[in-house]
Amino acid sequence: MNHPVTEADVEEFRAEVRAWLAENVPAEPLPPWTEREGFDLHRAWEGRLFEGGYAAVDWPAEYGGRDAGLRRSMAFAEEYYRAGAPERINMGGLYLLGPVLMQYGTPEQCARWIPDLLACRTIWCQGFSEPGSGSDLASLRTRAERDGDHFVVNGQKIWTSMGGFADWIFALVRTDPEAGRKRKHDGITFLCIDLRSPGVEVRPLAMVDGTRGFAEVFFTDVRVPVENVVGEIDRGWAVAMSTLGFERGAVFGDHAKFSNDVADLAALVDARDLGEDTHALDELGRVLVQTEVYRANVYRLAARAEAGGELDSTASINKVFWTQMQHDIFDTGIRLLAEDGAAVGDPGSLPDADPATLRAWSQWHHRYWYARAAMIFGGTNEIQRNIISERVLGLPMEPRR
Amino acid sequence: MNHPVTEADVEEFRAEVRAWLAENVPAEPLPPWTEREGFDLHRAWEGRLFEGGYAAVDWPAEYGGRDAGLRRSMAFAEEYYRAGAPERINMGGLYLLGPVLMQYGTPEQCARWIPDLLACRTIWCQGFSEPGSGSDLASLRTRAERDGDHFVVNGQKIWTSMGGFADWIFALVRTDPEAGRKRKHDGITFLCIDLRSPGVEVRPLAMVDGTRGFAEVFFTDVRVPVENVVGEIDRGWAVAMSTLGFERGAVFGDHAKFSNDVADLAALVDARDLGEDTHALDELGRVLVQTEVYRANVYRLAARAEAGGELDSTASINKVFWTQMQHDIFDTGIRLLAEDGAAVGDPGSLPDADPATLRAWSQWHHRYWYARAAMIFGGTNEIQRNIISERVLGLPMEPRR
Amino acid sequence: MTLHDTLDQDRRELVELTDDLLGRHCDLDFLRARIDDGTAHTPGLWSRLAETGLVSALVAEEQGGAGLSPAHLSGVLHSLGRHAVPEPYLETAVLAATVLGALPGPVADTWLPRIAAGDAIVVVRLGELTPLVPYAADADLLLDLADDGAVRAFTADELEVTPVAALDPLRPLARVVLAGAGTEVGDDSAVVARTRTLALAGAACLLAGASQRLLDLTVEYVAVREQFGRPVGSFQAVKHKAADLAVMVDMATAAALSAFDAVDEPDGPRRAAAAKAYAGDAAARANVDALQLHGGIGFTWEYHLHIWLKRAMGLAASYGTTTALRRDLARELLARVAGERRG
Amino acid sequence: MTLHDTLDQDRRELVELTDDLLGRHCDLDFLRARIDDGTAHTPGLWSRLAETGLVSALVAEEQGGAGLSPAHLSGVLHSLGRHAVPEPYLETAVLAATVLGALPGPVADTWLPRIAAGDAIVVVRLGELTPLVPYAADADLLLDLADDGAVRAFTADELEVTPVAALDPLRPLARVVLAGAGTEVGDDSAVVARTRTLALAGAACLLAGASQRLLDLTVEYVAVREQFGRPVGSFQAVKHKAADLAVMVDMATAAALSAFDAVDEPDGPRRAAAAKAYAGDAAARANVDALQLHGGIGFTWEYHLHIWLKRAMGLAASYGTTTALRRDLARELLARVAGERRG
């Protein structure tokens, strides 16, 4: 953001993006990425985005981005969602690992990992959560013991997204248990691990709806070169925390996704002939209002970020809001079309719907469960409320035993 | 409950009550008891109830009751509410103090206080809360120091209902501060105090809507005879706790009151021509469902009480439910008639309503605020949730610093 | 308040018997096997229910049953909900048995003994309450109850049954087209109305049981799961959420059981509709809170929470939604009040 | 996120000026005196607002104002809400000034200078949005804006004004009957539509400010009030309730301010309606939670919470209720989506 971005710059970029998307977005939606076939198609799409120069428009040009700045990046996201383009499958790599490498990585690490990441030749997953440490992330127990110029890793990670298809994992491991006993955030290291290494076992994790978007990863005496450490050994907590703001906050532009979801809901209400039911109107209006409010907030945060302000204090507010809104959108759909609520997605319940609406309906339940999951992952909404009450409102900490 | 009460007994009693009420309930509703004129009229009505033998039908005959047992008492309450009879103003005396005296009082105390209480010649108020001790009742600081055969009382009570019109107060006072420092529930005494004693000052407390249903009571060197202690000196906590179940639980039969409130709400919906608005129907239906559920619970609790079961564990559940329900009823009315929500009660907003509906509307806001207050008084709903989670669900206590 | 406290001695024993049976023969392994092989109803479990006399409870003695009144079964239904039993008990043993018991004739004579013996699955179609018919694909016979009182029976070969992808795989649903002529069973609008009331109240009992299980699983989990060095269930925000849920589940249980007991009271229909509507609310709350309080593990297929999450959602959407029932109740109240006030 | 963070430098300074003025001249004692003597609007406070230039901000320079665009005033309105200012600022300084500024002619020439000088109270009637007109009893002039674009002005002697018992005594309401002929001001449906948008967005800003004050009062109180030997605000259930409220209030503020700034954008009307609808929701939540977290003291007349409780309730019911606005928005969306999908 060295030169000021004008409204005209944004609109010019928007027009360029829109034209490219109009030409390139697949006419038929891709099959879900949770199965191999769909995943490969999504990966191919990411390659096409990369070739078009749109893999990460907000990234600095030196790393292969477009230096688009915030407002053009938002315009990109808005156009992307409006065009109905495929779901992005490498967000973890692009928005969690990428910024970490740019900030903490060595030039060698950046050169080694970033180009493949950007082109989606390498899929990365996040290895933070463990079965025993969810909200209390720092209580993690996966061990990495030094052996010459390697670490030997033993332990288990869970909730690694795209885990079943990922090539690499960026994980938090405990390298100094002694230090951790005094202060649990100490003695943790941020380590990148090739999932093809001997001793790694990846087990796709079936979810409540039978899909497998996450995985568990088991490490048994996995040897990892020391040069795969990002940042300082034993100081990985700060490295990891620098990613969490992104996970909690919106990736700017996602308001357009939620507006799409509400448009889908409106189409369902229409297909079910509920357009004159005042209750249905109230409920549809309720979630529509939420998306408008959310959009206003995204623009506010963007203005603040452009002015160089920090967003940490608002990331929790934003996360509680959008996860609740997303839940409300999909829950409302289930409740309003509830005569067949026991068979959500069944095309027989919407005999006159157009294909796009039927497609939305067929995915409704899956999206409902993922909306529920969003209230847990990336710091449960309970943790966010602790943060808001203490850091934003200044209320006292709870006593500890 | 020595002999089993049959269905026929209940219906016979119900018919008797109904006939009496039909003949005696004032044709026009009494003015609010929060002003002196209305209070005196309510008091006169209580006298009439007493003469009819209906002041406390559930009380034992030896204390002037009718030994009606649970089911006949419920029938009485149902008929009372259905007849639109005046609000009872001596519930604190009848349902809090009365049972305490029967259980803990000396024969002299019973003879001295119960007859006037029952006839409403004496109005009693409860003196438990203090400005510094609400939820944490046992932290009370009103002192009573022994001086021969008297206690000398200094301190302040708040939220004494009917406080502005009451003759006597039954209060918790600290008689052994030393014991209280070790265990705050110790060293507390249950003491009856004549409000005409020198050194007592009663200040009616104006509420958010300007009415004065509560008072603050200040004690400055008030001399109270030791014989006014109920139960043992320094052991008043247990005496007081024996009353709280009643306050939390329903006085059996109040479900009929809430059904009346919902009927008022239906009349308002009708008067506003919202009978075909599906949103209004949903909202009206929601509170109607709650009252039906509540009635089922009251009957379940009654069956359990008749079988000799204890109700303590359910009193908190019942209280959270009915206070929320009562709030929802009045809040729904305000929201549904909200074009004039800023002038709730204004007859001009319901030009075609019948007199009973207009009367309900004119009182709506007042009742709304009292419904809100019910969620605080008698143990806040937050305290009730602590009790439910620990005593009903068995979840662990929170750590104390 | 436990279910135990809500019931009298007789019914308590029946519930204990049911719980015991289901604990042995309808455990998690059994349910998982049913999901894996895509069959909810199995002759094996159905026979066990029949052998204990639960299936024939409402059938008259002369037709091989125990001749009990429905009120005996409210606790049993609650137990079936708690165990997520994948069988058409409400449909066959309660609704069909009641309809046929009330409409004597050749159809009843043929089918009631079969029901009592556990040899037949009979399901019911109840107008707008069943746009999708539970267990229709397993049915030997379907009773179609029209609002005007006409009751006709259709054997399996007289039906076109199209299964749909039910959210709850342990409670299959199908669209049904009556393809054959069927047989007249009777014509009695009181019987149809009573069956409707039984369906609502019975579904409320099942639903309250499923919600109770969601609450129980959640309380067990948060009491054990530790984060930040203490049980999650010792955090006040978690405790209060559980407490609010407990209020709803307990009240839903009170309303459901009492409504089922009161089917023949004058206000029975209203109480049944209110109980089902509220049970649907409580189930929705149980669904949201149970999953949120479990955290990630609740989303896994491996953990069993989802069995009850889906049961609760499916039942809430069956036999009348909360929204539809509320509207009906509100309309009825409006008519009553308007009548009174306008004289 | 504070209001401060939401605004740019210019507007921040205007808000600081307003806060400072109101802190000195519209404090609790002042508000209590207004309640006690039954007068909301006073020439004294209005003059002070006028002297600082706040009343004339939108009036053109040649008519004695500053000629600012409305966007400058969003933060000022938020401040007026936080201070529960009992004056028709939105009505006179924003709406009436805008209408008259857009419709030049004799009425504008007469009244705009008076508004700018603080010498006239002018209120607006906006069809269904104002079944009751705020401050009508204090008005020297009323502008009646019809949906078709006709704008007429009525002097006080041409109006029958019947005050009603407004819930919020500091924001008086009245039923108004147009008794005289009035004077034509203009005929421009775009002006009427823009005024409607300004009214919604402006009310949203006032409301967000009132909700912010309820949150602030609550946080201050629970941080200090002790029970069980620790601040009530250290209990997690209290903290989480406050956090949830903070989310709503903060988002309401973001939406309200941005909607007010965007009145002239193509989607301005939608954003204003959404902002007002959400601000109403947030205010309802603030009302419930602020009082519950205060406990008993919040119910007393002596404590000042009720001033903002009533302000929040009154504003939420004014200039379009959440329910009505949601319905309009949903209808508009349905029409849009149906058009797109059906081609």
# chains A, B, ... in the order shown; residues from 1 in each chain; ligands from 1
>>> interface_residues(of="chain A", to="chain D", cutoff="6 Å", atoms="only C-alpha atoms", output="mmCIF file with all heavy atoms, in the first residue's frame")
data_model
loop_
_atom_site.group_PDB
_atom_site.id
_atom_site.type_symbol
_atom_site.label_atom_id
_atom_site.label_comp_id
_atom_site.auth_asym_id
_atom_site.auth_seq_id
_atom_site.Cartn_x
_atom_site.Cartn_y
_atom_site.Cartn_z
ATOM 1 N N ALA A 266 -33.472 -17.527 0.147
ATOM 2 C CA ALA A 266 -34.638 -16.846 -0.450
ATOM 3 C C ALA A 266 -35.210 -17.700 -1.576
ATOM 4 O O ALA A 266 -36.439 -17.841 -1.706
ATOM 5 C CB ALA A 266 -34.235 -15.465 -0.965
ATOM 6 N N LEU A 281 -41.125 -14.606 6.036
ATOM 7 C CA LEU A 281 -40.525 -13.319 5.695
ATOM 8 C C LEU A 281 -39.702 -12.777 6.854
ATOM 9 O O LEU A 281 -38.601 -12.251 6.671
ATOM 10 C CB LEU A 281 -41.621 -12.311 5.318
ATOM 11 C CG LEU A 281 -42.341 -12.578 3.998
ATOM 12 C CD1 LEU A 281 -43.526 -11.636 3.849
ATOM 13 C CD2 LEU A 281 -41.376 -12.398 2.818
ATOM 14 N N ASP A 282 -40.239 -12.913 8.055
ATOM 15 C CA ASP A 282 -39.503 -12.422 9.224
ATOM 16 C C ASP A 282 -38.176 -13.144 9.382
ATOM 17 O O ASP A 282 -37.150 -12.537 9.684
ATOM 18 C CB ASP A 282 -40.331 -12.630 10.494
ATOM 19 C CG ASP A 282 -41.547 -11.730 10.528
ATOM 20 O OD1 ASP A 282 -41.576 -10.744 9.789
ATOM 21 O OD2 ASP A 282 -42.466 -12.022 11.307
ATOM 22 N N LEU A 284 -36.467 -14.896 7.077
ATOM 23 C CA LEU A 284 -35.576 -14.574 5.964
ATOM 24 C C LEU A 284 -34.997 -13.176 6.166
ATOM 25 O O LEU A 284 -33.791 -12.946 5.986
ATOM 26 C CB LEU A 284 -36.359 -14.658 4.644
ATOM 27 C CG LEU A 284 -35.595 -14.268 3.376
ATOM 28 C CD1 LEU A 284 -34.383 -15.166 3.169
ATOM 29 C CD2 LEU A 284 -36.519 -14.341 2.156
ATOM 30 N N GLY A 285 -35.865 -12.253 6.568
ATOM 31 C CA GLY A 285 -35.409 -10.888 6.809
ATOM 32 C C GLY A 285 -34.365 -10.820 7.914
ATOM 33 O O GLY A 285 -33.408 -10.060 7.838
ATOM 34 N N VAL A 289 -30.747 -9.272 7.282
ATOM 35 C CA VAL A 289 -30.255 -8.148 8.073
ATOM 36 C C VAL A 289 -28.864 -8.468 8.621
ATOM 37 O O VAL A 289 -27.950 -7.641 8.574
ATOM 38 C CB VAL A 289 -31.244 -7.817 9.206
ATOM 39 C CG1 VAL A 289 -30.582 -6.968 10.280
ATOM 40 C CG2 VAL A 289 -32.478 -7.112 8.642
ATOM 41 N N VAL A 293 -25.438 -6.305 8.067
ATOM 42 C CA VAL A 293 -24.666 -5.793 9.198
ATOM 43 C C VAL A 293 -23.226 -6.301 9.114
ATOM 44 O O VAL A 293 -22.270 -5.548 9.333
ATOM 45 C CB VAL A 293 -25.324 -6.235 10.524
ATOM 46 C CG1 VAL A 293 -24.407 -5.965 11.709
ATOM 47 C CG2 VAL A 293 -26.663 -5.514 10.709
ATOM 48 N N ALA A 296 -21.243 -4.384 6.631
ATOM 49 C CA ALA A 296 -20.837 -3.076 7.160
ATOM 50 C C ALA A 296 -19.615 -3.237 8.050
ATOM 51 O O ALA A 296 -18.685 -2.424 8.019
ATOM 52 C CB ALA A 296 -21.987 -2.433 7.936
ATOM 53 N N ASN A 297 -19.597 -4.302 8.831
ATOM 54 C CA ASN A 297 -18.468 -4.492 9.736
ATOM 55 C C ASN A 297 -17.198 -4.833 8.973
ATOM 56 O O ASN A 297 -16.115 -4.360 9.310
ATOM 57 C CB ASN A 297 -18.781 -5.601 10.744
ATOM 58 C CG ASN A 297 -17.788 -5.599 11.886
ATOM 59 O OD1 ASN A 297 -17.507 -4.543 12.463
ATOM 60 N ND2 ASN A 297 -17.235 -6.754 12.193
ATOM 61 N N ILE A 317 -15.051 -10.596 18.209
ATOM 62 C CA ILE A 317 -16.414 -10.116 17.976
ATOM 63 C C ILE A 317 -16.890 -10.572 16.598
ATOM 64 O O ILE A 317 -17.989 -11.095 16.430
ATOM 65 C CB ILE A 317 -16.460 -8.572 18.091
ATOM 66 C CG1 ILE A 317 -16.294 -8.159 19.558
ATOM 67 C CG2 ILE A 317 -17.741 -8.013 17.497
ATOM 68 C CD1 ILE A 317 -16.276 -6.663 19.788
ATOM 69 N N ARG A 385 -15.783 -15.477 23.813
ATOM 70 C CA ARG A 385 -16.501 -14.640 24.785
ATOM 71 C C ARG A 385 -15.610 -14.307 25.977
ATOM 72 O O ARG A 385 -15.721 -13.224 26.551
ATOM 73 C CB ARG A 385 -17.781 -15.339 25.236
ATOM 74 C CG ARG A 385 -18.827 -15.407 24.149
ATOM 75 C CD ARG A 385 -20.160 -15.960 24.654
ATOM 76 N NE ARG A 385 -21.034 -16.144 23.504
ATOM 77 C CZ ARG A 385 -21.249 -17.314 22.889
ATOM 78 N NH1 ARG A 385 -20.718 -18.428 23.368
ATOM 79 N NH2 ARG A 385 -22.020 -17.374 21.843
ATOM 80 N N ILE A 388 -13.466 -11.485 24.614
ATOM 81 C CA ILE A 388 -14.214 -10.224 24.499
ATOM 82 C C ILE A 388 -14.436 -9.612 25.878
ATOM 83 O O ILE A 388 -14.230 -8.419 26.092
ATOM 84 C CB ILE A 388 -15.569 -10.456 23.798
ATOM 85 C CG1 ILE A 388 -15.354 -10.902 22.350
ATOM 86 C CG2 ILE A 388 -16.431 -9.192 23.843
ATOM 87 C CD1 ILE A 388 -16.591 -11.471 21.681
ATOM 88 N N SER A 389 -14.848 -10.436 26.820
ATOM 89 C CA SER A 389 -15.187 -9.874 28.133
ATOM 90 C C SER A 389 -13.943 -9.335 28.836
ATOM 91 O O SER A 389 -14.021 -8.333 29.539
ATOM 92 C CB SER A 389 -15.912 -10.905 28.999
ATOM 93 O OG SER A 389 -15.082 -12.005 29.263
ATOM 94 N N LEU A 395 -13.405 -6.804 31.835
ATOM 95 C CA LEU A 395 -13.920 -7.458 33.043
ATOM 96 C C LEU A 395 -12.826 -8.344 33.658
ATOM 97 O O LEU A 395 -11.905 -8.779 32.965
ATOM 98 C CB LEU A 395 -15.162 -8.288 32.702
ATOM 99 C CG LEU A 395 -16.397 -7.423 32.391
ATOM 100 C CD1 LEU A 395 -17.547 -8.272 31.873
ATOM 101 C CD2 LEU A 395 -16.833 -6.649 33.633
ATOM 102 N N PRO A 396 -12.949 -8.588 34.971
ATOM 103 C CA PRO A 396 -11.864 -9.335 35.634
ATOM 104 C C PRO A 396 -11.775 -10.794 35.192
ATOM 105 O O PRO A 396 -12.759 -11.395 34.774
ATOM 106 C CB PRO A 396 -12.232 -9.251 37.127
ATOM 107 C CG PRO A 396 -13.518 -8.556 37.238
ATOM 108 C CD PRO A 396 -13.993 -8.141 35.888
ATOM 109 N N MET A 397 -10.580 -11.353 35.305
ATOM 110 C CA MET A 397 -10.380 -12.781 35.070
ATOM 111 C C MET A 397 -11.168 -13.552 36.121
ATOM 112 O O MET A 397 -11.417 -13.068 37.211
ATOM 113 C CB MET A 397 -8.901 -13.154 35.253
ATOM 114 C CG MET A 397 -7.932 -12.334 34.445
ATOM 115 S SD MET A 397 -7.507 -13.164 32.905
ATOM 116 C CE MET A 397 -6.522 -14.544 33.527
ATOM 117 N N GLU A 398 -11.500 -14.782 35.771
ATOM 118 C CA GLU A 398 -12.063 -15.666 36.800
ATOM 119 C C GLU A 398 -10.960 -16.100 37.746
ATOM 120 O O GLU A 398 -9.816 -16.240 37.340
ATOM 121 C CB GLU A 398 -12.593 -16.938 36.146
ATOM 122 C CG GLU A 398 -13.899 -16.774 35.463
ATOM 123 C CD GLU A 398 -14.291 -18.127 34.944
ATOM 124 O OE1 GLU A 398 -13.779 -18.495 33.875
ATOM 125 O OE2 GLU A 398 -15.071 -18.799 35.622
#
>>> interface_residues(of="chain B", to="chain A", cutoff="9 Å", atoms="only C-alpha atoms", output="PyMOL selection string")
chain B and resi 277-282+398-401
>>> atom_distance(atom1="atom CA of B:Phe377", atom2="atom CA of B:Ala166")
18.7 Å
>>> residues_around(residues="B:Phe252", least_positions_apart="4", cutoff="8 Å", atoms="only C-alpha atoms", output="number ranges by chain")
B: 70, 73-74, 77, 298, 302
>>> atom_distance(atom1="atom CA of B:Val202", atom2="atom CA of B:Val152")
17.4 Å
>>> residues_around(residues="C:Arg171", least_positions_apart="6", cutoff="12 Å", atoms="only C-alpha atoms", output="MDAnalysis selection string")
(chainID A and resid 342:343) or (chainID C and resid 31 34:35 38:41 81 84:91 132:138 163:165 307:308 310:315 318)
>>> atom_distance(atom1="atom CA of A:Ala19", atom2="atom CA of A:Tyr299")
23.9 Å
>>> residues_around(residues="stretch 360-364 of chain B", least_positions_apart="6", cutoff="7 Å", atoms="only C-alpha atoms", output="PyMOL selection string")
chain B and resi 264+330+345-346
>>> select_by_dssp(residues="stretch 111-315 of chain C", states="helix (DSSP H, G or I)", output="PyMOL selection string")
chain C and resi 111-117+127-129+136-138+156-158+189-224+232-234+236-261+268-299+305-315
>>> decode(residues="stretch 42-55 of chain D", atoms="N, CA, C and O atoms", output="PDB file, in the first residue's frame")
ATOM      1  N   THR D  42     -36.189  21.588  25.916  1.00  0.00           N
ATOM      2  CA  THR D  42     -36.089  22.897  26.570  1.00  0.00           C
ATOM      3  C   THR D  42     -35.337  23.840  25.641  1.00  0.00           C
ATOM      4  O   THR D  42     -34.373  23.438  24.993  1.00  0.00           O
ATOM      5  N   PRO D  43     -35.770  25.084  25.593  1.00  0.00           N
ATOM      6  CA  PRO D  43     -35.053  26.055  24.751  1.00  0.00           C
ATOM      7  C   PRO D  43     -33.593  26.184  25.179  1.00  0.00           C
ATOM      8  O   PRO D  43     -32.724  26.410  24.346  1.00  0.00           O
ATOM      9  N   GLY D  44     -33.332  25.959  26.453  1.00  0.00           N
ATOM     10  CA  GLY D  44     -31.956  26.115  26.937  1.00  0.00           C
ATOM     11  C   GLY D  44     -30.987  25.154  26.266  1.00  0.00           C
ATOM     12  O   GLY D  44     -29.979  25.566  25.667  1.00  0.00           O
ATOM     13  N   LEU D  45     -31.281  23.862  26.362  1.00  0.00           N
ATOM     14  CA  LEU D  45     -30.364  22.889  25.787  1.00  0.00           C
ATOM     15  C   LEU D  45     -30.329  23.020  24.264  1.00  0.00           C
ATOM     16  O   LEU D  45     -29.272  22.907  23.643  1.00  0.00           O
ATOM     17  N   TRP D  46     -31.515  23.283  23.704  1.00  0.00           N
ATOM     18  CA  TRP D  46     -31.564  23.412  22.239  1.00  0.00           C
ATOM     19  C   TRP D  46     -30.673  24.562  21.773  1.00  0.00           C
ATOM     20  O   TRP D  46     -29.944  24.444  20.781  1.00  0.00           O
ATOM     21  N   SER D  47     -30.704  25.667  22.501  1.00  0.00           N
ATOM     22  CA  SER D  47     -29.856  26.805  22.147  1.00  0.00           C
ATOM     23  C   SER D  47     -28.389  26.429  22.208  1.00  0.00           C
ATOM     24  O   SER D  47     -27.591  26.818  21.363  1.00  0.00           O
ATOM     25  N   ARG D  48     -28.029  25.662  23.233  1.00  0.00           N
ATOM     26  CA  ARG D  48     -26.619  25.281  23.338  1.00  0.00           C
ATOM     27  C   ARG D  48     -26.205  24.429  22.143  1.00  0.00           C
ATOM     28  O   ARG D  48     -25.124  24.576  21.587  1.00  0.00           O
ATOM     29  N   LEU D  49     -27.092  23.499  21.760  1.00  0.00           N
ATOM     30  CA  LEU D  49     -26.785  22.674  20.586  1.00  0.00           C
ATOM     31  C   LEU D  49     -26.647  23.566  19.350  1.00  0.00           C
ATOM     32  O   LEU D  49     -25.791  23.338  18.494  1.00  0.00           O
ATOM     33  N   ALA D  50     -27.528  24.575  19.274  1.00  0.00           N
ATOM     34  CA  ALA D  50     -27.494  25.466  18.114  1.00  0.00           C
ATOM     35  C   ALA D  50     -26.226  26.317  18.129  1.00  0.00           C
ATOM     36  O   ALA D  50     -25.579  26.508  17.100  1.00  0.00           O
ATOM     37  N   GLU D  51     -25.872  26.810  19.324  1.00  0.00           N
ATOM     38  CA  GLU D  51     -24.691  27.677  19.415  1.00  0.00           C
ATOM     39  C   GLU D  51     -23.416  26.983  18.955  1.00  0.00           C
ATOM     40  O   GLU D  51     -22.528  27.603  18.365  1.00  0.00           O
ATOM     41  N   THR D  52     -23.315  25.712  19.216  1.00  0.00           N
ATOM     42  CA  THR D  52     -22.108  24.996  18.782  1.00  0.00           C
ATOM     43  C   THR D  52     -22.150  24.680  17.303  1.00  0.00           C
ATOM     44  O   THR D  52     -21.214  24.110  16.768  1.00  0.00           O
ATOM     45  N   GLY D  53     -23.255  24.992  16.647  1.00  0.00           N
ATOM     46  CA  GLY D  53     -23.340  24.735  15.208  1.00  0.00           C
ATOM     47  C   GLY D  53     -23.890  23.374  14.859  1.00  0.00           C
ATOM     48  O   GLY D  53     -23.982  23.010  13.691  1.00  0.00           O
ATOM     49  N   LEU D  54     -24.279  22.581  15.859  1.00  0.00           N
ATOM     50  CA  LEU D  54     -24.756  21.233  15.552  1.00  0.00           C
ATOM     51  C   LEU D  54     -26.126  21.249  14.876  1.00  0.00           C
ATOM     52  O   LEU D  54     -26.411  20.414  14.031  1.00  0.00           O
ATOM     53  N   VAL D  55     -26.963  22.213  15.258  1.00  0.00           N
ATOM     54  CA  VAL D  55     -28.316  22.239  14.697  1.00  0.00           C
ATOM     55  C   VAL D  55     -28.303  22.712  13.238  1.00  0.00           C
ATOM     56  O   VAL D  55     -29.100  22.267  12.420  1.00  0.00           O
TER      57      VAL D  55
END
